[in-house]
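Text of target.cif, listed as mmCIF, C-alpha atoms:
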```
data_input
#
loop_
_atom_site.label_atom_id
_atom_site.label_comp_id
_atom_site.auth_asym_id
_atom_site.auth_seq_id
_atom_site.Cartn_x
_atom_site.Cartn_y
_atom_site.Cartn_z
CA MET P 19 198.96 146.73 134.30
CA ALA P 20 199.00 143.44 136.23
CA PRO P 21 202.20 142.11 134.59
CA VAL P 22 203.97 145.43 135.33
CA ALA P 23 202.84 145.32 138.97
CA ARG P 24 203.96 141.69 139.21
CA ALA P 25 207.35 142.52 137.73
CA LEU P 26 207.78 145.47 140.13
CA GLY P 27 206.77 143.25 143.05
CA ALA P 28 209.28 140.59 142.00
CA PHE P 29 211.97 143.29 141.60
CA ALA P 30 211.25 144.66 145.10
CA ARG P 31 211.25 141.13 146.57
CA PHE P 32 214.60 140.38 144.92
CA TRP P 33 216.22 143.46 146.48
CA LYS P 34 214.61 142.80 149.88
CA ASP P 35 215.92 139.22 149.82
CA PHE P 36 219.31 140.41 148.59
CA LEU P 37 219.79 143.25 151.07
CA ILE P 38 218.00 141.92 154.14
CA GLY P 39 217.31 138.19 153.67
CA ASP P 40 217.42 136.25 156.92
CA ALA P 41 220.17 138.44 158.45
CA PRO P 42 218.83 142.02 158.78
CA GLU P 43 221.61 142.76 161.28
CA LEU P 44 224.16 142.60 158.43
CA PHE P 45 222.21 145.24 156.50
CA VAL P 46 222.14 147.45 159.59
CA GLY P 47 225.85 146.77 160.13
CA THR P 48 226.63 147.87 156.57
CA LEU P 49 224.71 151.13 157.06
CA VAL P 50 226.61 151.75 160.31
CA PHE P 51 229.88 150.95 158.51
CA VAL P 52 229.15 153.44 155.67
CA GLY P 53 228.19 156.14 158.21
CA VAL P 54 231.38 155.64 160.24
CA ALA P 55 233.52 155.56 157.06
CA LEU P 56 232.08 158.91 155.95
CA ALA P 57 232.49 160.40 159.43
CA LEU P 58 236.11 159.26 159.77
CA ARG P 59 237.30 160.09 156.27
CA HIS P 60 239.73 162.70 157.63
CA HIS P 61 240.96 160.47 160.47
CA ARG P 62 242.77 157.72 158.61
CA ASP P 63 244.70 156.38 161.62
CA VAL P 64 241.51 155.65 163.53
CA ALA P 65 239.47 154.52 160.51
CA VAL P 66 242.02 151.91 159.37
CA PHE P 67 241.55 149.98 162.62
CA LEU P 68 237.96 150.82 163.47
CA LEU P 69 236.32 150.01 160.12
CA PRO P 70 237.45 146.34 159.92
CA LEU P 71 236.56 145.96 163.63
CA ILE P 72 232.99 147.12 162.95
CA VAL P 73 232.66 144.50 160.20
CA ILE P 74 234.08 141.78 162.47
CA ALA P 75 231.74 142.76 165.32
CA PHE P 76 228.63 142.55 163.13
CA LEU P 77 229.81 139.26 161.58
CA VAL P 78 230.38 137.66 165.01
CA GLY P 79 226.98 138.91 166.22
CA SER P 80 225.25 137.60 163.13
CA VAL P 81 226.93 134.17 163.35
CA PHE P 82 225.84 133.84 166.99
CA ARG P 83 222.32 134.88 166.02
CA GLY P 84 222.38 132.27 163.22
CA ARG P 85 223.50 129.64 165.74
CA SER P 86 220.48 130.17 167.95
CA LYS P 87 218.19 129.96 164.87
CA SER P 88 219.82 126.79 163.45
CA MET Q 26 248.32 143.76 136.57
CA THR Q 27 247.78 145.24 140.07
CA THR Q 28 246.98 143.31 143.27
CA SER Q 29 243.38 144.52 143.28
CA THR Q 30 242.91 143.39 139.67
CA VAL Q 31 244.11 139.87 140.48
CA VAL Q 32 241.93 139.63 143.61
CA LEU Q 33 239.00 141.03 141.60
CA ALA Q 34 239.37 138.39 138.89
CA LEU Q 35 239.69 135.63 141.52
CA ALA Q 36 236.63 136.88 143.44
CA VAL Q 37 234.44 137.04 140.31
CA PHE Q 38 235.72 133.66 139.08
CA GLY Q 39 235.06 132.00 142.47
CA ALA Q 40 231.61 133.54 142.94
CA SER Q 41 230.62 132.65 139.41
CA ALA Q 42 231.89 129.07 139.79
CA VAL Q 43 229.89 128.53 143.00
CA GLU Q 44 226.66 129.83 141.44
CA MET Q 45 227.27 127.93 138.18
CA VAL Q 46 227.65 124.63 140.07
CA GLU Q 47 224.19 125.21 141.53
CA ALA Q 48 222.77 126.15 138.12
CA LEU Q 49 224.43 123.15 136.44
CA THR Q 50 222.76 120.77 138.90
CA ILE Q 51 219.35 122.04 137.77
CA VAL Q 52 220.27 122.06 134.05
CA THR Q 53 221.63 118.48 134.29
CA ALA Q 54 218.45 117.31 136.04
CA ALA Q 55 216.34 119.03 133.36
CA GLY Q 56 218.48 117.53 130.57
CA VAL Q 57 218.39 113.97 131.92
CA THR Q 58 214.63 113.95 132.53
CA ARG Q 59 213.17 116.24 129.84
CA GLY Q 60 215.77 116.10 127.05
CA TRP Q 61 219.06 117.93 126.53
CA ARG Q 62 217.93 120.18 123.69
CA SER Q 63 215.40 122.14 125.78
CA ALA Q 64 217.73 122.21 128.80
CA PHE Q 65 220.59 123.67 126.73
CA GLU Q 66 218.28 126.17 125.01
CA GLY Q 67 216.89 127.31 128.38
CA ALA Q 68 220.38 127.69 129.84
CA ALA Q 69 221.65 129.56 126.76
CA ALA Q 70 218.63 131.92 126.75
CA ALA Q 71 219.22 132.76 130.44
CA ALA Q 72 222.95 133.36 129.79
CA LEU Q 73 222.02 135.78 126.96
CA VAL Q 74 219.59 137.71 129.18
CA LEU Q 75 222.22 137.93 131.95
CA THR Q 76 224.85 139.20 129.50
CA ALA Q 77 222.41 141.84 128.21
CA LEU Q 78 221.80 142.91 131.84
CA VAL Q 79 225.54 143.40 132.43
CA LEU Q 80 225.81 145.55 129.28
CA ALA Q 81 222.59 147.52 129.91
CA VAL Q 82 223.25 148.28 133.58
CA GLY Q 83 227.02 147.98 134.03
CA VAL Q 84 228.28 150.16 131.16
CA PRO Q 85 226.04 153.23 131.85
CA LEU Q 86 226.70 152.87 135.59
CA ALA Q 87 230.46 152.98 135.08
CA ARG Q 88 230.24 155.97 132.68
CA LEU Q 89 227.57 158.21 134.22
CA VAL Q 90 227.78 157.92 138.01
CA PRO Q 91 230.62 159.79 139.83
CA ILE Q 92 233.26 157.25 140.81
CA ASN Q 93 233.23 158.02 144.57
CA VAL Q 94 229.43 157.70 144.83
CA LEU Q 95 229.65 154.47 142.83
CA ARG Q 96 232.34 153.09 145.16
CA VAL Q 97 230.38 153.79 148.35
CA VAL Q 98 227.12 152.30 147.00
CA ILE Q 99 228.82 149.36 145.34
CA GLY Q 100 231.14 148.76 148.30
CA ALA Q 101 228.08 148.63 150.57
CA LEU Q 102 226.38 146.10 148.26
CA LEU Q 103 229.54 143.96 148.21
CA LEU Q 104 229.74 144.16 152.00
CA VAL Q 105 226.13 142.97 152.44
CA LEU Q 106 226.66 140.10 150.00
CA GLY Q 107 230.13 139.15 151.27
CA LEU Q 108 229.11 139.17 154.95
CA ASP Q 109 226.05 137.03 154.16
CA TRP Q 110 228.17 134.43 152.31
CA LEU Q 111 230.77 134.52 155.10
CA ARG Q 112 228.12 134.05 157.81
CA LYS Q 113 226.54 131.08 156.04
CA ALA Q 114 229.93 129.50 155.28
CA VAL Q 115 231.03 129.79 158.94
CA LEU Q 116 227.72 128.32 160.16
CA ARG Q 117 228.05 125.44 157.66
CA ALA Q 118 231.73 124.81 158.43
CA SER Q 119 230.96 124.62 162.16
CA GLY Q 120 227.99 122.30 161.71
CA HIS Q 121 225.28 124.83 162.65
CA LYS Q 122 223.73 124.84 159.20
CA ALA Q 123 223.24 121.98 156.75
CA LEU Q 124 225.73 121.87 153.87
CA HIS Q 125 224.38 122.68 150.41
CA ASP Q 126 223.53 119.21 149.09
CA GLU Q 127 223.74 119.13 145.28
CA ASP Q 128 222.79 115.42 145.24
CA ALA Q 129 219.56 116.16 147.12
CA ILE Q 130 218.74 119.10 144.84
CA TYR Q 131 219.43 116.93 141.79
CA ALA Q 132 217.26 114.06 143.08
CA ARG Q 133 214.42 116.43 143.98
CA THR Q 134 214.48 118.17 140.57
CA VAL Q 135 214.61 114.84 138.71
CA ALA Q 136 211.67 113.52 140.76
CA ASN Q 137 209.65 116.67 140.05
CA LEU Q 138 210.40 116.65 136.33
CA SER Q 139 209.78 112.91 135.93
CA GLY Q 140 206.20 113.37 137.08
CA ASP Q 141 206.77 112.01 140.61
CA GLY Q 142 206.17 115.43 142.07
CA ASP Q 143 205.10 118.95 141.25
CA THR Q 144 206.93 121.23 138.86
CA PRO Q 145 208.32 124.54 140.15
CA THR Q 146 205.16 126.18 138.77
CA GLY Q 147 203.07 124.07 141.14
CA LYS Q 148 201.48 122.01 138.37
CA PRO Q 149 202.13 118.27 138.10
CA ALA Q 150 204.76 117.42 135.49
CA THR Q 151 203.52 115.51 132.47
CA VAL Q 152 205.94 113.36 130.50
CA SER Q 153 204.63 114.25 127.05
CA TRP Q 154 208.00 115.09 125.43
CA ARG Q 155 210.28 113.15 123.16
CA HIS Q 156 214.07 113.31 123.22
CA GLY Q 157 215.20 115.76 120.54
CA SER Q 158 211.94 117.68 120.54
CA ARG Q 159 211.32 120.94 122.40
CA ASP Q 160 209.94 120.62 125.92
CA PRO Q 161 208.60 123.82 127.56
CA THR Q 162 209.01 122.47 131.12
CA GLY Q 163 212.66 121.49 130.56
CA PHE Q 164 213.33 124.88 128.94
CA THR Q 165 211.66 126.83 131.76
CA VAL Q 166 213.37 124.90 134.56
CA ALA Q 167 216.83 125.28 132.95
CA PHE Q 168 216.17 128.99 132.21
CA LYS Q 169 215.04 129.72 135.78
CA GLY Q 170 217.94 127.75 137.25
CA VAL Q 171 220.59 129.62 135.29
CA PHE Q 172 218.86 133.02 135.52
CA LEU Q 173 218.24 132.97 139.28
CA GLU Q 174 221.70 131.62 140.16
CA GLY Q 175 223.29 133.97 137.63
CA MET Q 176 221.67 137.12 139.05
CA GLU Q 177 224.13 137.24 141.96
CA VAL Q 178 226.99 136.78 139.50
CA VAL Q 179 225.66 139.69 137.42
CA LEU Q 180 225.55 141.87 140.54
CA ILE Q 181 229.10 140.91 141.47
CA VAL Q 182 230.37 141.48 137.91
CA ILE Q 183 228.67 144.88 137.69
CA THR Q 184 229.67 146.04 141.17
CA LEU Q 185 233.29 144.88 141.12
CA GLY Q 186 233.77 145.70 137.44
CA ALA Q 187 232.20 149.16 137.49
CA SER Q 188 233.88 150.34 140.71
CA SER Q 189 237.35 149.31 139.57
CA GLY Q 190 236.95 150.25 135.91
CA HIS Q 191 237.48 146.61 134.85
CA LEU Q 192 233.98 145.61 133.73
CA GLY Q 193 235.37 143.64 130.77
CA LEU Q 194 237.80 141.69 132.96
CA ALA Q 195 235.07 140.92 135.53
CA ALA Q 196 232.72 139.69 132.78
CA ALA Q 197 235.52 137.60 131.25
CA ALA Q 198 236.32 136.00 134.64
CA ALA Q 199 232.63 135.11 135.11
CA ALA Q 200 232.41 133.67 131.59
CA ALA Q 201 235.62 131.66 132.17
CA ALA Q 202 234.13 130.19 135.35
CA ALA Q 203 230.94 129.26 133.50
CA VAL Q 204 232.99 127.49 130.81
CA VAL Q 205 235.21 125.68 133.35
CA VAL Q 206 232.22 124.52 135.43
CA GLY Q 207 230.40 123.52 132.23
CA VAL Q 208 233.32 121.40 131.02
CA ILE Q 209 233.84 119.79 134.45
CA GLY Q 210 230.08 119.24 134.68
CA TYR Q 211 230.11 117.50 131.30
CA PHE Q 212 232.61 114.92 132.57
CA VAL Q 213 231.42 114.44 136.14
CA ALA Q 214 227.71 115.17 135.48
CA ARG Q 215 226.23 113.81 138.69
CA GLN Q 216 229.16 114.17 141.08
CA LEU Q 217 228.72 117.90 141.56
CA SER Q 218 228.41 117.26 145.30
CA GLU Q 219 232.19 116.56 145.23
CA VAL Q 220 232.87 120.25 144.54
CA PRO Q 221 234.03 121.90 147.80
CA GLU Q 222 231.26 124.47 147.51
CA ASN Q 223 231.33 125.70 151.11
CA SER Q 224 235.10 126.33 151.08
CA MET Q 225 234.72 128.22 147.80
CA LYS Q 226 231.85 130.24 149.24
CA LEU Q 227 233.97 131.05 152.31
CA ALA Q 228 236.90 132.22 150.16
CA VAL Q 229 234.65 134.36 147.93
CA GLY Q 230 232.83 135.78 150.98
CA ILE Q 231 236.21 136.87 152.41
CA MET Q 232 237.19 138.54 149.12
CA LEU Q 233 233.85 140.31 148.62
CA THR Q 234 233.89 141.59 152.21
CA SER Q 235 237.47 142.86 151.76
CA PHE Q 236 236.54 144.64 148.52
CA GLY Q 237 233.43 146.09 150.16
CA VAL Q 238 235.44 147.57 153.06
CA PHE Q 239 238.11 148.87 150.69
CA TRP Q 240 235.74 150.51 148.18
CA VAL Q 241 233.49 152.14 150.80
CA GLY Q 242 236.61 153.59 152.44
CA GLU Q 243 238.01 154.84 149.12
CA GLY Q 244 234.63 156.27 148.06
CA ALA Q 245 234.27 158.06 151.40
CA GLY Q 246 237.61 159.79 150.77
CA LEU Q 247 239.78 157.62 153.00
CA HIS Q 248 243.21 156.82 151.58
CA TRP Q 249 244.16 153.36 152.78
CA PRO Q 250 247.83 152.84 153.73
CA GLY Q 251 249.60 150.84 151.02
CA SER Q 252 246.79 151.63 148.55
CA ASP Q 253 245.70 148.43 146.71
CA LEU Q 254 247.91 146.27 148.94
CA MET Q 255 245.46 146.99 151.76
CA ILE Q 256 243.04 144.57 150.05
CA LEU Q 257 245.44 141.70 150.79
CA VAL Q 258 245.71 142.83 154.43
CA LEU Q 259 241.90 142.90 154.69
CA VAL Q 260 241.69 139.44 153.08
CA GLY Q 261 244.13 138.16 155.75
CA VAL Q 262 242.20 139.82 158.60
CA PHE Q 263 238.82 138.44 157.50
CA ALA Q 264 240.25 134.98 156.72
CA ALA Q 265 241.72 134.80 160.23
CA THR Q 266 238.41 136.01 161.70
CA ALA Q 267 236.45 133.35 159.78
CA ALA Q 268 238.87 130.60 160.86
CA VAL Q 269 238.74 131.58 164.55
CA LEU Q 270 234.96 132.01 164.41
CA SER Q 271 234.45 128.57 162.76
CA LEU Q 272 236.65 126.94 165.38
CA ALA Q 273 234.91 128.71 168.24
CA MET Q 274 231.45 127.84 166.92
CA ARG Q 275 232.45 124.19 166.56
CA LYS Q 276 233.56 124.11 170.22
CA ILE Q 277 230.52 125.95 171.51
CA GLY Q 278 228.03 123.56 169.86
CA PRO Q 279 224.34 124.26 169.20
CA SER Q 280 222.39 126.61 171.45
CA ARG Q 281 220.42 125.19 174.45
CA GLN Q 282 217.16 126.08 172.72
CA VAL Q 283 218.12 124.03 169.66
CA VAL Q 284 219.30 121.06 171.75
CA ALA Q 285 216.01 121.13 173.68
CA VAL Q 286 213.97 121.20 170.48
CA ARG Q 287 216.02 118.34 168.96
CA ALA Q 288 215.66 116.26 172.14
CA GLY Q 289 211.89 116.65 172.05
CA PRO Q 290 209.47 117.10 174.98
CA PRO Q 291 210.60 115.75 178.40
#
```

Exercise: express the given structure as structure tokens:
Amino acid sequence: MAPVARALGAFARFWKDFLIGDAPELFVGTLVFVGVALALRHHRDVAVFLLPLIVIAFLVGSVFRGRSKS
Amino acid sequence: MTTSTVVLALAVFGASAVEMVEALTIVTAAGVTRGWRSAFEGAAAAALVLTALVLAVGVPLARLVPINVLRVVIGALLLVLGLDWLRKAVLRASGHKALHDEDAIYARTVANLSGDGDTPTGKPATVSWRHGSRDPTGFTVAFKGVFLEGMEVVLIVITLGASSGHLGLAAAAAAAAAVVVGVIGYFVARQLSEVPENSMKLAVGIMLTSFGVFWVGEGAGLHWPGSDLMILVLVGVFAATAAVLSLAMRKIGPSRQVVAVRAGPP
């Protein structure tokens, strides 16, 4: 059982590192992005401008957060 | 060949090349210190396992999961990965984060494997191998190096390949990058630090982010103007953002907190 538990633990750690890592705000930003994309699927004119802006906003925020940690 | 197919192949090739440079540093260090046979066997075994993963996960994913669900989930994964690469590349380009130093990694791995330090398993390395014979430490280090660096490539191949219906092309682009980096590595061996890794990471981060935005939108039911051509527009928007952000961060300099810590106590 121990090797299975170890493998599951390593698998969970891999996904945690991959999805969250040292920038949890980017994970949150992605969830927000998916939510807004689903909500605006029938409003193309708004979505085309708003969706890239959401990504840019979270990227800028995350870079500034990384600056204060560096 | 459509625009998205070309950008897809470029993104997979670039991402794979960046990760393979990192893996090659470890394999070269293992080969020089513990013998090439074990290093090559370790690297080949890891490449086989990674290929099996692509076939075992990628093919069923592309065939069984509804395409729109796949695009939203995969687009989100690409967005997380692309934004993380972009963030690190901007911080490195503006001097807020140390550049990835392949020379330092190489020197550290060689020191560990030569018995001057600890092995990655935490046990001191013992030089009890002969060139040409099998060495478990050399095999393990090369295997782990290729496997861990290759995992992100596998994710990118599966996500980009499955969502666009070009799994074979994505896998071929990754394999081509591995071959190209391998051949270059053979000739330059220890000058891997010359590879403009951060610029490559920045370019791939821009492409992955663009694909992420595009696929999530498509999966959600949004029809982008210009269809596939929108990917190029997104690439331009995020490239401009990264350039402006790098420039701004360079001008701003480190935060007051960091300057105070670096200056030491008054």

What do you get, as an NGL selection string, if you spell out every residue that the PyMOL selection byres ((chain P) within 9 of (chain Q)) selects here?
:P and (36-39 or 41 or 44-45 or 47-49 or 51-52 or 55-62 or 65-66 or 69-70 or 73-74 or 76-78 or 80-82 or 84-88)

Separation of CA of Ala228 (chain Q) from CA of Ala264 (chain Q) in Å
7.9 Å

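Using only C-alpha atoms for every distance, the candidate list P:Glu43, P:Ala28, P:Trp33, P:Val54 yields P:Glu43 as the residue closest to Gly79 (chain P).
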
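Our summary of the geometry notes that CA of Phe67 (chain P) is positioned 11.6 Å from CA of Val258 (chain Q).
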
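In this structure, CA of Val269 (chain Q) sits 23.3 Å away from CA of Leu254 (chain Q).
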
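The residues returned by the PyMOL selection byres ((chain Q and resi 195) around 7) on the shown structure are Ala34, Val37, Val182, Gly186, His191, Leu192, Gly193, Leu194, Ala196, Ala197, Ala198 and Ala199 of chain Q.
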
Fewer than 2 positions away in the same chain doesn't count, so skip those; otherwise give me all residues within 6 Å of region 47-51 of chain Q, counting all atoms listed in the file, as a PyMOL selection string.
chain Q and resi 44-45+53-54+131+170-171+174

For a quick check of your reading of the model, name the residues lying within 8 Å of the coordinate (230.7, 130.1, 150.3), counting all atoms listed in the file, and write them as a VMD selection string.
chain Q and resid 43 110 to 111 113 to 114 222 to 230

Please produce an output containing C-alpha atoms for each residue in the selection, written as an mmCIF file, keeping the file's coordinate frame.
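Contents of again05.cif, freshly written:
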```
data_model
loop_
_atom_site.group_PDB
_atom_site.id
_atom_site.type_symbol
_atom_site.label_atom_id
_atom_site.label_comp_id
_atom_site.auth_asym_id
_atom_site.auth_seq_id
_atom_site.Cartn_x
_atom_site.Cartn_y
_atom_site.Cartn_z
ATOM 1 C CA VAL Q 43 229.890 128.530 143.000
ATOM 2 C CA TRP Q 110 228.170 134.430 152.310
ATOM 3 C CA LEU Q 111 230.770 134.520 155.100
ATOM 4 C CA LYS Q 113 226.540 131.080 156.040
ATOM 5 C CA ALA Q 114 229.930 129.500 155.280
ATOM 6 C CA GLU Q 222 231.260 124.470 147.510
ATOM 7 C CA ASN Q 223 231.330 125.700 151.110
ATOM 8 C CA SER Q 224 235.100 126.330 151.080
ATOM 9 C CA MET Q 225 234.720 128.220 147.800
ATOM 10 C CA LYS Q 226 231.850 130.240 149.240
ATOM 11 C CA LEU Q 227 233.970 131.050 152.310
ATOM 12 C CA ALA Q 228 236.900 132.220 150.160
ATOM 13 C CA VAL Q 229 234.650 134.360 147.930
ATOM 14 C CA GLY Q 230 232.830 135.780 150.980
#
```

Write out as a short mmCIF file (atom, residue, chain, number, x, y, z; two decimals) with C-alpha atoms, in the frame of the given file each polymer residue whose atoms come within 9 Å of Phe164 (chain Q), counting all atoms listed in the file; drop sequence neighbours fewer than 5 positions from it.
```cif
data_model
loop_
_atom_site.label_atom_id
_atom_site.label_comp_id
_atom_site.auth_asym_id
_atom_site.auth_seq_id
_atom_site.Cartn_x
_atom_site.Cartn_y
_atom_site.Cartn_z
CA ALA Q 55 216.34 119.03 133.36
CA ARG Q 59 213.17 116.24 129.84
CA ARG Q 62 217.93 120.18 123.69
CA SER Q 63 215.40 122.14 125.78
CA ALA Q 64 217.73 122.21 128.80
CA PHE Q 65 220.59 123.67 126.73
CA GLU Q 66 218.28 126.17 125.01
CA GLY Q 67 216.89 127.31 128.38
CA ALA Q 68 220.38 127.69 129.84
CA ARG Q 159 211.32 120.94 122.40
CA LYS Q 169 215.04 129.72 135.78
#
```

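Minimum atom-to-atom distances from P:Arg31, P:Ala25, P:Pro42, P:Ala20 to Arg83 (chain P) were compared using only C-alpha atoms, and the lowest value belongs to P:Pro42.
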
Residue by residue, what does the PyMOL selection byres ((chain Q and resi 189) around 10) grab here? Present the result as an mmCIF file with C-alpha atoms, in the frame of the given file.
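Wrote it out as result27.cif, contents follow:
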```cif
data_model
loop_
_atom_site.group_PDB
_atom_site.id
_atom_site.type_symbol
_atom_site.label_atom_id
_atom_site.label_comp_id
_atom_site.auth_asym_id
_atom_site.auth_seq_id
_atom_site.Cartn_x
_atom_site.Cartn_y
_atom_site.Cartn_z
ATOM 1 C CA SER Q 29 243.380 144.520 143.280
ATOM 2 C CA THR Q 30 242.910 143.390 139.670
ATOM 3 C CA LEU Q 33 239.000 141.030 141.600
ATOM 4 C CA ALA Q 87 230.460 152.980 135.080
ATOM 5 C CA ILE Q 92 233.260 157.250 140.810
ATOM 6 C CA LEU Q 95 229.650 154.470 142.830
ATOM 7 C CA ARG Q 96 232.340 153.090 145.160
ATOM 8 C CA ILE Q 183 228.670 144.880 137.690
ATOM 9 C CA THR Q 184 229.670 146.040 141.170
ATOM 10 C CA LEU Q 185 233.290 144.880 141.120
ATOM 11 C CA GLY Q 186 233.770 145.700 137.440
ATOM 12 C CA ALA Q 187 232.200 149.160 137.490
ATOM 13 C CA SER Q 188 233.880 150.340 140.710
ATOM 14 C CA GLY Q 190 236.950 150.250 135.910
ATOM 15 C CA HIS Q 191 237.480 146.610 134.850
ATOM 16 C CA LEU Q 192 233.980 145.610 133.730
ATOM 17 C CA ALA Q 195 235.070 140.920 135.530
ATOM 18 C CA TRP Q 240 235.740 150.510 148.180
#
```
